[in-house]
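Inspection log for the structure reproduced underneath, given as structure tokens.
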Amino acid sequence: MRISEVANAAGCSIRAVRHMHACGAVPEPERLPNGYRDYAISDVAAIMRARALIDAGVPLSQINAPNAVPEALSLIDDQLAHLELQRTKLLALQQNPAGTPADIRDSILQHFGDSPTLLAELDSLDLIALAGVASPATWDQLRANLADPTCLASSQSYFTLWEKLAELPAATEISAEIAELEQLISTGFMRGVFETLRPGTLPLSRSDVPLQGAQAKAFKALSGAIDA
């Protein structure tokens, strides 16, 4: 069998077959007197096996390792998990192009208006949705909180106090306000939400959050409390 026929059967190029031989991944068959390689069925099978492993992501140098097939399966499982996560993100994006489910977005705007503080909260929810950090439990928890009058009252008080801090000089002593904000966060519409989030890393820092006046001091204290 000629190399061109082998390449066609294995679904690769002649160059790829030659590269497998050059790297030692697949033994090179003997040449005929006319200089052509004569491929036997066993040679074709070896190349097909190598192609299956290469397609899975196994390096050429590991093709003949004892654990090559388990390694290939592990790589495929990782790819499937990644694709499943991507599919989940795209399905969520198809239903909610902005990120946050429409019913939750509408409910938040209905209850709290469209103040800069509120819009910043919505931006954060969109971000965790698009990053795949939010889980179905995140949205269930938010829906439950937005139906709870106690949560709504705490959130309204939080927004009012937060906007008040923007009007205070940055050096103002606000220990009491910080303590009150911590309490309002724990009982507001974000109550229990952080516990529902999936592990993830978002490239954000305090400088990415628009802050005015004494808000910077409060945000530093509150972000430390949340991280802890």
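Going by the structure tokens order, chains are called A, B, ..., each with residues numbered from 1, while ligands are numbered from 1 in the order shown.
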Find the residues near Ala25 (chain A): any atom within 12 Å, counting only C-alpha atoms, skip ones fewer than 5 places away on the same chain, and give them as an MDAnalysis selection string. chainID A and resid 16:20 43 46:51 53:54 58:65 68
_Using only C-alpha atoms, which protein or nucleic acid residues come within 12 Å of Leu181 (chain A)? Drop anything in the same chain fewer than 2 positions from it, and give the result as JSON, numbers by chain._
{"A": [154, 155, 156, 157, 158, 159, 160, 161, 162, 163, 164, 165, 174, 175, 176, 177, 178, 179, 183, 184, 185, 186, 187, 188, 215, 218, 219, 221, 222, 223, 225, 226]}
_Excluding Trp139 (chain A) and its own-chain neighbours fewer than 5 positions away, which residues fall within 8 Å of it when counting only C-alpha atoms? Please give them as a PyMOL selection string._
chain A and resi 101+104+134
Would you write out those residues with N, CA and C atoms, as a PDB file, in the first residue's frame?
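Listed below is the output, selection32.pdb:
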```pdb
ATOM      1  N   PRO A 101     -31.118  37.647  34.136  1.00  0.00           N
ATOM      2  CA  PRO A 101     -32.449  37.294  33.631  1.00  0.00           C
ATOM      3  C   PRO A 101     -33.376  38.502  33.618  1.00  0.00           C
ATOM      4  N   ILE A 104     -35.589  39.373  36.664  1.00  0.00           N
ATOM      5  CA  ILE A 104     -34.861  39.910  37.814  1.00  0.00           C
ATOM      6  C   ILE A 104     -34.462  41.358  37.564  1.00  0.00           C
ATOM      7  N   ALA A 134     -22.346  32.955  38.101  1.00  0.00           N
ATOM      8  CA  ALA A 134     -23.692  32.764  38.644  1.00  0.00           C
ATOM      9  C   ALA A 134     -24.194  31.361  38.319  1.00  0.00           C
TER      10      ALA A 134
END
```
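Taking CA of Arg31 (chain A) as the reference point, CA of Val44 (chain A) is found at 15.2 Å.
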Expressed in Å, the length from CA of Arg198 (chain A) to CA of Ser135 (chain A) is 6.4 Å
So that I can check the surroundings of Ala166 (chain A), please list as a ChimeraX atom specification every protein, DNA and RNA residue that reaches within 6 Å of it, counting only C-alpha atoms and ignoring chain neighbours fewer than 4 positions away.
/A:212-215
Write the residues you've just listed into a file as a CSV table (one decimal), in the first residue's frame, and include N, CA, C and O atoms for each of them.
```
chain,number,residue,atom,x,y,z
A,212,GLN,N,-17.2,57.7,45.0
A,212,GLN,CA,-17.1,59.2,45.3
A,212,GLN,C,-17.1,59.4,46.8
A,212,GLN,O,-17.6,58.6,47.5
A,213,GLY,N,-16.4,60.5,47.2
A,213,GLY,CA,-16.4,60.9,48.6
A,213,GLY,C,-15.9,59.7,49.5
A,213,GLY,O,-14.9,59.1,49.3
A,214,ALA,N,-16.7,59.5,50.5
A,214,ALA,CA,-16.4,58.5,51.5
A,214,ALA,C,-16.7,57.1,51.1
A,214,ALA,O,-16.5,56.1,51.9
A,215,GLN,N,-17.3,56.9,49.9
A,215,GLN,CA,-17.6,55.6,49.4
A,215,GLN,C,-16.3,54.7,49.3
A,215,GLN,O,-16.4,53.5,49.5
```
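The shell of residues at most 12 Å from Glu30 (chain A), with only C-alpha atoms counted and near chain neighbours (fewer than 6 positions) removed, consists of A:Met1, A:Arg2, A:His21, A:Tyr36, A:Arg37, A:Asp38, A:Tyr39, A:Ala40, A:Asp43.
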Dump as a tab-separated table (two decimals), in the first residue's frame, selection limited to all heavy atoms:
```
chain	number	residue	atom	x	y	z
A	1	MET	N	0.85	-1.19	0.00
A	1	MET	CA	0.00	0.00	0.00
A	1	MET	C	0.89	1.25	0.00
A	1	MET	O	1.87	1.32	0.74
A	1	MET	CB	-0.92	0.00	1.24
A	1	MET	CG	-2.04	1.02	1.18
A	1	MET	SD	-3.11	0.94	2.65
A	1	MET	CE	-3.75	-0.73	2.50
A	2	ARG	N	0.57	2.22	-0.85
A	2	ARG	CA	1.35	3.44	-0.95
A	2	ARG	C	1.03	4.41	0.19
A	2	ARG	O	-0.05	4.36	0.78
A	2	ARG	CB	1.08	4.13	-2.29
A	2	ARG	CG	1.48	3.31	-3.51
A	2	ARG	CD	2.99	3.27	-3.65
A	2	ARG	NE	3.39	2.50	-4.82
A	2	ARG	CZ	3.49	3.03	-6.05
A	2	ARG	NH1	3.18	4.29	-6.26
A	2	ARG	NH2	3.89	2.27	-7.04
A	21	HIS	N	6.66	9.19	11.28
A	21	HIS	CA	7.84	8.34	11.13
A	21	HIS	C	9.09	9.04	11.66
A	21	HIS	O	9.90	8.46	12.39
A	21	HIS	CB	8.04	7.97	9.66
A	21	HIS	CG	6.96	7.11	9.08
A	21	HIS	ND1	6.30	6.16	9.81
A	21	HIS	CD2	6.44	7.06	7.81
A	21	HIS	CE1	5.42	5.54	9.04
A	21	HIS	NE2	5.49	6.08	7.81
A	36	TYR	N	9.89	3.09	-2.89
A	36	TYR	CA	8.62	3.39	-2.23
A	36	TYR	C	8.46	2.54	-0.96
A	36	TYR	O	8.92	1.40	-0.92
A	36	TYR	CB	7.44	3.13	-3.16
A	36	TYR	CG	7.33	4.12	-4.31
A	36	TYR	CD1	7.65	3.73	-5.61
A	36	TYR	CD2	6.90	5.41	-4.08
A	36	TYR	CE1	7.55	4.63	-6.67
A	36	TYR	CE2	6.79	6.32	-5.13
A	36	TYR	CZ	7.13	5.93	-6.41
A	36	TYR	OH	7.04	6.83	-7.45
A	37	ARG	N	7.79	3.12	0.03
A	37	ARG	CA	7.46	2.34	1.23
A	37	ARG	C	6.30	1.41	0.90
A	37	ARG	O	5.36	1.80	0.21
A	37	ARG	CB	7.08	3.26	2.40
A	37	ARG	CG	8.18	4.21	2.86
A	37	ARG	CD	7.70	4.99	4.09
A	37	ARG	NE	8.68	5.98	4.52
A	37	ARG	CZ	8.73	7.25	4.11
A	37	ARG	NH1	7.82	7.67	3.23
A	37	ARG	NH2	9.64	8.08	4.56
A	38	ASP	N	6.35	0.24	1.48
A	38	ASP	CA	5.27	-0.74	1.27
A	38	ASP	C	4.54	-0.92	2.59
A	38	ASP	O	5.05	-1.57	3.51
A	38	ASP	CB	5.85	-2.06	0.78
A	38	ASP	CG	4.75	-3.08	0.48
A	38	ASP	OD1	3.60	-2.65	0.26
A	38	ASP	OD2	5.05	-4.29	0.48
A	39	TYR	N	3.36	-0.31	2.71
A	39	TYR	CA	2.60	-0.33	3.96
A	39	TYR	C	1.71	-1.57	4.04
A	39	TYR	O	0.92	-1.85	3.14
A	39	TYR	CB	1.72	0.93	4.09
A	39	TYR	CG	2.51	2.18	4.39
A	39	TYR	CD1	3.06	2.93	3.36
A	39	TYR	CD2	2.70	2.60	5.70
A	39	TYR	CE1	3.78	4.08	3.62
A	39	TYR	CE2	3.42	3.75	5.97
A	39	TYR	CZ	3.96	4.50	4.94
A	39	TYR	OH	4.69	5.62	5.21
A	40	ALA	N	1.85	-2.29	5.16
A	40	ALA	CA	0.98	-3.43	5.43
A	40	ALA	C	-0.22	-2.95	6.23
A	40	ALA	O	-0.28	-1.81	6.70
A	40	ALA	CB	1.75	-4.49	6.21
A	43	ASP	N	0.60	-1.55	9.53
A	43	ASP	CA	1.15	-0.19	9.49
A	43	ASP	C	0.02	0.84	9.45
A	43	ASP	O	0.08	1.87	10.12
A	43	ASP	CB	2.05	-0.01	8.27
A	43	ASP	CG	3.27	-0.91	8.30
A	43	ASP	OD1	3.86	-1.05	9.38
A	43	ASP	OD2	3.61	-1.48	7.24
```
Give me the residues near Asp106 (chain A) as an mmCIF file with all heavy atoms, in the first residue's frame, where near means some atom within 12 Å (using only C-alpha atoms) and where sequence neighbours in that chain fewer than 5 positions away do not count.
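Once everything was written out, this is part-v7.cif:
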```cif
data_model
loop_
_atom_site.group_PDB
_atom_site.id
_atom_site.type_symbol
_atom_site.label_atom_id
_atom_site.label_comp_id
_atom_site.auth_asym_id
_atom_site.auth_seq_id
_atom_site.Cartn_x
_atom_site.Cartn_y
_atom_site.Cartn_z
ATOM 1 N N THR A 100 -28.112 39.251 33.145
ATOM 2 C CA THR A 100 -29.098 39.050 34.209
ATOM 3 C C THR A 100 -30.446 38.671 33.607
ATOM 4 O O THR A 100 -30.890 39.310 32.645
ATOM 5 C CB THR A 100 -29.264 40.337 35.028
ATOM 6 O OG1 THR A 100 -27.997 40.733 35.550
ATOM 7 C CG2 THR A 100 -30.239 40.141 36.178
ATOM 8 N N PRO A 101 -31.118 37.647 34.136
ATOM 9 C CA PRO A 101 -32.449 37.294 33.631
ATOM 10 C C PRO A 101 -33.376 38.502 33.618
ATOM 11 O O PRO A 101 -33.369 39.317 34.547
ATOM 12 C CB PRO A 101 -32.924 36.224 34.625
ATOM 13 C CG PRO A 101 -31.655 35.569 35.070
ATOM 14 C CD PRO A 101 -30.652 36.687 35.160
ATOM 15 N N HIS A 111 -38.328 48.197 41.684
ATOM 16 C CA HIS A 111 -38.300 48.475 43.120
ATOM 17 C C HIS A 111 -37.365 49.622 43.491
ATOM 18 O O HIS A 111 -37.638 50.362 44.452
ATOM 19 C CB HIS A 111 -37.869 47.222 43.883
ATOM 20 C CG HIS A 111 -38.906 46.145 43.915
ATOM 21 N ND1 HIS A 111 -40.155 46.320 44.471
ATOM 22 C CD2 HIS A 111 -38.873 44.858 43.455
ATOM 23 C CE1 HIS A 111 -40.860 45.204 44.365
ATOM 24 N NE2 HIS A 111 -40.109 44.304 43.747
ATOM 25 N N PHE A 112 -36.256 49.782 42.748
ATOM 26 C CA PHE A 112 -35.229 50.723 43.201
ATOM 27 C C PHE A 112 -34.885 51.824 42.212
ATOM 28 O O PHE A 112 -33.999 52.638 42.477
ATOM 29 C CB PHE A 112 -33.941 49.943 43.535
ATOM 30 C CG PHE A 112 -34.155 48.821 44.498
ATOM 31 C CD1 PHE A 112 -34.014 47.499 44.090
ATOM 32 C CD2 PHE A 112 -34.542 49.066 45.810
ATOM 33 C CE1 PHE A 112 -34.217 46.463 44.978
ATOM 34 C CE2 PHE A 112 -34.762 48.026 46.699
ATOM 35 C CZ PHE A 112 -34.601 46.717 46.281
ATOM 36 N N GLY A 113 -35.578 51.895 41.073
ATOM 37 C CA GLY A 113 -35.294 52.953 40.121
ATOM 38 C C GLY A 113 -34.016 52.696 39.353
ATOM 39 O O GLY A 113 -33.545 51.568 39.251
ATOM 40 N N ASP A 114 -33.443 53.772 38.822
ATOM 41 C CA ASP A 114 -32.245 53.623 37.988
ATOM 42 C C ASP A 114 -31.128 54.558 38.435
ATOM 43 O O ASP A 114 -30.473 55.206 37.616
ATOM 44 C CB ASP A 114 -32.580 53.859 36.513
ATOM 45 C CG ASP A 114 -33.176 55.241 36.261
ATOM 46 O OD1 ASP A 114 -33.411 55.973 37.250
ATOM 47 O OD2 ASP A 114 -33.393 55.596 35.094
ATOM 48 N N LEU A 119 -27.621 50.910 39.040
ATOM 49 C CA LEU A 119 -27.120 50.468 37.735
ATOM 50 C C LEU A 119 -25.775 49.773 37.870
ATOM 51 O O LEU A 119 -25.473 48.831 37.120
ATOM 52 C CB LEU A 119 -27.016 51.666 36.786
ATOM 53 C CG LEU A 119 -28.361 52.313 36.403
ATOM 54 C CD1 LEU A 119 -28.135 53.515 35.484
ATOM 55 C CD2 LEU A 119 -29.284 51.300 35.721
ATOM 56 N N LEU A 122 -26.514 46.279 38.849
ATOM 57 C CA LEU A 122 -26.946 45.492 37.696
ATOM 58 C C LEU A 122 -25.770 45.112 36.805
ATOM 59 O O LEU A 122 -25.712 43.999 36.277
ATOM 60 C CB LEU A 122 -27.983 46.285 36.887
ATOM 61 C CG LEU A 122 -29.419 46.291 37.425
ATOM 62 C CD1 LEU A 122 -30.297 47.184 36.569
ATOM 63 C CD2 LEU A 122 -29.989 44.878 37.471
ATOM 64 N N ARG A 143 -34.573 35.943 43.174
ATOM 65 C CA ARG A 143 -36.029 36.042 43.005
ATOM 66 C C ARG A 143 -36.734 35.969 44.356
ATOM 67 O O ARG A 143 -37.688 36.720 44.614
ATOM 68 C CB ARG A 143 -36.533 34.926 42.081
ATOM 69 C CG ARG A 143 -36.109 35.099 40.627
ATOM 70 C CD ARG A 143 -36.752 34.044 39.726
ATOM 71 N NE ARG A 143 -36.334 34.239 38.334
ATOM 72 C CZ ARG A 143 -35.336 33.597 37.756
ATOM 73 N NH1 ARG A 143 -34.653 32.671 38.440
ATOM 74 N NH2 ARG A 143 -35.007 33.841 36.504
ATOM 75 N N LEU A 146 -36.160 39.296 46.208
ATOM 76 C CA LEU A 146 -36.918 40.414 45.647
ATOM 77 C C LEU A 146 -38.416 40.295 45.923
ATOM 78 O O LEU A 146 -39.163 41.261 45.720
ATOM 79 C CB LEU A 146 -36.659 40.495 44.133
ATOM 80 C CG LEU A 146 -35.249 40.954 43.754
ATOM 81 C CD1 LEU A 146 -34.982 40.697 42.278
ATOM 82 C CD2 LEU A 146 -35.057 42.437 44.092
#
```
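Computed from the coordinates, the CA of Pro136 (chain A) to CA of Gly200 (chain A) distance equals 15.4 Å.
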Q) Can you list, as JSON, numbers by chain, every residue of region 38-89 of chain A that DSSP puts in helix (DSSP H, G or I)? A) {"A": [41, 42, 43, 44, 45, 46, 47, 48, 49, 50, 51, 52, 53, 54, 55, 56, 60, 61, 62, 68, 69, 70, 71, 72, 73, 74, 75, 76, 77, 78, 79, 80, 81, 82, 83, 84, 85, 86, 87, 88, 89]}
Gln141 (chain A) proximity check over A:Val69, A:Met190, A:Ile76, A:Leu168, using only C-alpha atoms: winner is A:Met190
Counting only C-alpha atoms, the residue among A:Pro66, A:Asn8, A:Ile108, A:Val133 that lies closest to Leu152 (chain A) is A:Ile108
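Compared by their closest atoms to Ile128 (chain A), and using only C-alpha atoms, the residues A:Pro199, A:Pro70, A:Pro149, A:Gly24 rank with A:Pro199 nearest.
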Residues near region 80-87 of chain A, cut-off 12 Å, only C-alpha atoms, skip fewer than 2 positions along chain, as a PyMOL selection string:
chain A and resi 56+73-78+89-94+130-133+135+198
Go ahead and save the picked residues with all heavy atoms, as a compact mmCIF listing (two decimals), in the first residue's frame.
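Resulting contents of out_35.txt:
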```txt
# COMPACT_ATOMS: atom_id res chain seq x y z
N ALA A 56 -6.90 13.69 19.92
CA ALA A 56 -7.37 13.92 21.29
C ALA A 56 -6.47 14.89 22.05
O ALA A 56 -6.84 15.36 23.13
CB ALA A 56 -7.45 12.60 22.05
N LEU A 73 -8.33 9.90 26.82
CA LEU A 73 -9.70 9.96 27.35
C LEU A 73 -9.85 11.10 28.35
O LEU A 73 -10.88 11.79 28.37
CB LEU A 73 -10.06 8.63 28.01
CG LEU A 73 -10.26 7.46 27.05
CD1 LEU A 73 -10.40 6.15 27.82
CD2 LEU A 73 -11.50 7.69 26.17
N SER A 74 -8.83 11.31 29.18
CA SER A 74 -8.87 12.40 30.14
C SER A 74 -8.92 13.76 29.43
O SER A 74 -9.66 14.66 29.83
CB SER A 74 -7.64 12.33 31.05
OG SER A 74 -7.62 13.42 31.95
N LEU A 75 -8.14 13.89 28.37
CA LEU A 75 -8.14 15.13 27.60
C LEU A 75 -9.50 15.37 26.95
O LEU A 75 -10.01 16.51 26.93
CB LEU A 75 -7.05 15.08 26.52
CG LEU A 75 -5.60 15.13 27.03
CD1 LEU A 75 -4.63 14.80 25.90
CD2 LEU A 75 -5.28 16.50 27.62
N ILE A 76 -10.09 14.30 26.43
CA ILE A 76 -11.42 14.42 25.82
C ILE A 76 -12.46 14.83 26.86
O ILE A 76 -13.32 15.67 26.61
CB ILE A 76 -11.84 13.10 25.15
CG1 ILE A 76 -10.98 12.84 23.91
CG2 ILE A 76 -13.32 13.12 24.78
CD1 ILE A 76 -11.21 13.81 22.77
N ASP A 77 -12.37 14.23 28.05
CA ASP A 77 -13.31 14.59 29.13
C ASP A 77 -13.19 16.06 29.49
O ASP A 77 -14.20 16.74 29.73
CB ASP A 77 -13.05 13.72 30.36
CG ASP A 77 -13.51 12.28 30.18
OD1 ASP A 77 -14.33 12.04 29.26
OD2 ASP A 77 -13.05 11.41 30.94
N ASP A 78 -11.95 16.56 29.54
CA ASP A 78 -11.74 17.98 29.84
C ASP A 78 -12.36 18.86 28.76
O ASP A 78 -12.98 19.90 29.06
CB ASP A 78 -10.24 18.29 29.96
CG ASP A 78 -9.61 17.68 31.20
OD1 ASP A 78 -10.37 17.30 32.12
OD2 ASP A 78 -8.37 17.58 31.25
N LYS A 89 -23.33 28.66 29.01
CA LYS A 89 -23.21 30.12 28.93
C LYS A 89 -23.99 30.67 27.73
O LYS A 89 -24.68 31.68 27.83
CB LYS A 89 -21.74 30.53 28.82
CG LYS A 89 -20.92 30.35 30.08
CD LYS A 89 -19.50 30.82 29.85
CE LYS A 89 -18.63 30.66 31.07
NZ LYS A 89 -17.24 31.14 30.83
N LEU A 90 -23.86 29.99 26.58
CA LEU A 90 -24.52 30.48 25.37
C LEU A 90 -26.04 30.35 25.46
O LEU A 90 -26.77 31.22 24.98
CB LEU A 90 -24.00 29.72 24.15
CG LEU A 90 -22.56 30.04 23.75
CD1 LEU A 90 -22.08 29.11 22.65
CD2 LEU A 90 -22.44 31.50 23.30
N LEU A 91 -26.52 29.26 26.08
CA LEU A 91 -27.96 29.12 26.27
C LEU A 91 -28.49 30.24 27.18
O LEU A 91 -29.56 30.80 26.92
CB LEU A 91 -28.27 27.75 26.88
CG LEU A 91 -28.16 26.55 25.94
CD1 LEU A 91 -28.34 25.25 26.72
CD2 LEU A 91 -29.19 26.65 24.81
N ALA A 92 -27.73 30.55 28.23
CA ALA A 92 -28.13 31.63 29.13
C ALA A 92 -28.10 32.97 28.39
O ALA A 92 -28.99 33.81 28.57
CB ALA A 92 -27.20 31.67 30.34
N LEU A 93 -27.09 33.15 27.54
CA LEU A 93 -26.97 34.39 26.78
C LEU A 93 -28.08 34.52 25.75
O LEU A 93 -28.57 35.62 25.48
CB LEU A 93 -25.60 34.43 26.09
CG LEU A 93 -25.16 35.76 25.47
CD1 LEU A 93 -25.14 36.86 26.52
CD2 LEU A 93 -23.79 35.61 24.84
N GLN A 94 -28.49 33.39 25.19
CA GLN A 94 -29.59 33.40 24.23
C GLN A 94 -30.88 33.88 24.89
O GLN A 94 -31.66 34.63 24.30
CB GLN A 94 -29.78 32.00 23.65
CG GLN A 94 -30.84 31.90 22.56
CD GLN A 94 -30.97 30.50 22.01
OE1 GLN A 94 -30.96 29.52 22.76
NE2 GLN A 94 -31.05 30.37 20.71
N LEU A 130 -22.38 36.58 32.77
CA LEU A 130 -21.64 36.34 31.54
C LEU A 130 -20.34 35.58 31.79
O LEU A 130 -19.86 34.86 30.91
CB LEU A 130 -21.33 37.68 30.85
CG LEU A 130 -22.57 38.45 30.38
CD1 LEU A 130 -22.17 39.84 29.88
CD2 LEU A 130 -23.29 37.70 29.28
N ALA A 131 -19.79 35.71 33.00
CA ALA A 131 -18.55 35.00 33.34
C ALA A 131 -18.81 33.56 33.75
O ALA A 131 -17.88 32.79 33.95
CB ALA A 131 -17.82 35.74 34.45
N GLY A 132 -20.10 33.19 33.89
CA GLY A 132 -20.42 31.83 34.29
C GLY A 132 -20.28 31.60 35.78
O GLY A 132 -20.31 30.46 36.24
N VAL A 133 -20.10 32.68 36.54
CA VAL A 133 -19.96 32.55 37.99
C VAL A 133 -21.32 32.31 38.65
O VAL A 133 -21.44 31.57 39.62
CB VAL A 133 -19.28 33.81 38.58
CG1 VAL A 133 -19.22 33.74 40.10
CG2 VAL A 133 -17.87 33.96 38.00
N SER A 135 -24.92 30.78 39.24
CA SER A 135 -25.52 29.46 39.05
C SER A 135 -27.04 29.62 39.04
O SER A 135 -27.56 30.68 39.39
CB SER A 135 -25.10 28.52 40.19
OG SER A 135 -25.69 28.96 41.42
N ARG A 198 -20.49 30.12 41.63
CA ARG A 198 -19.49 29.13 41.28
C ARG A 198 -18.09 29.74 41.46
O ARG A 198 -17.92 30.95 41.36
CB ARG A 198 -19.65 28.69 39.82
CG ARG A 198 -20.96 28.02 39.48
CD ARG A 198 -20.89 27.51 38.05
NE ARG A 198 -22.13 26.84 37.63
CZ ARG A 198 -23.04 27.39 36.85
NH1 ARG A 198 -22.86 28.63 36.41
NH2 ARG A 198 -24.13 26.72 36.50
```
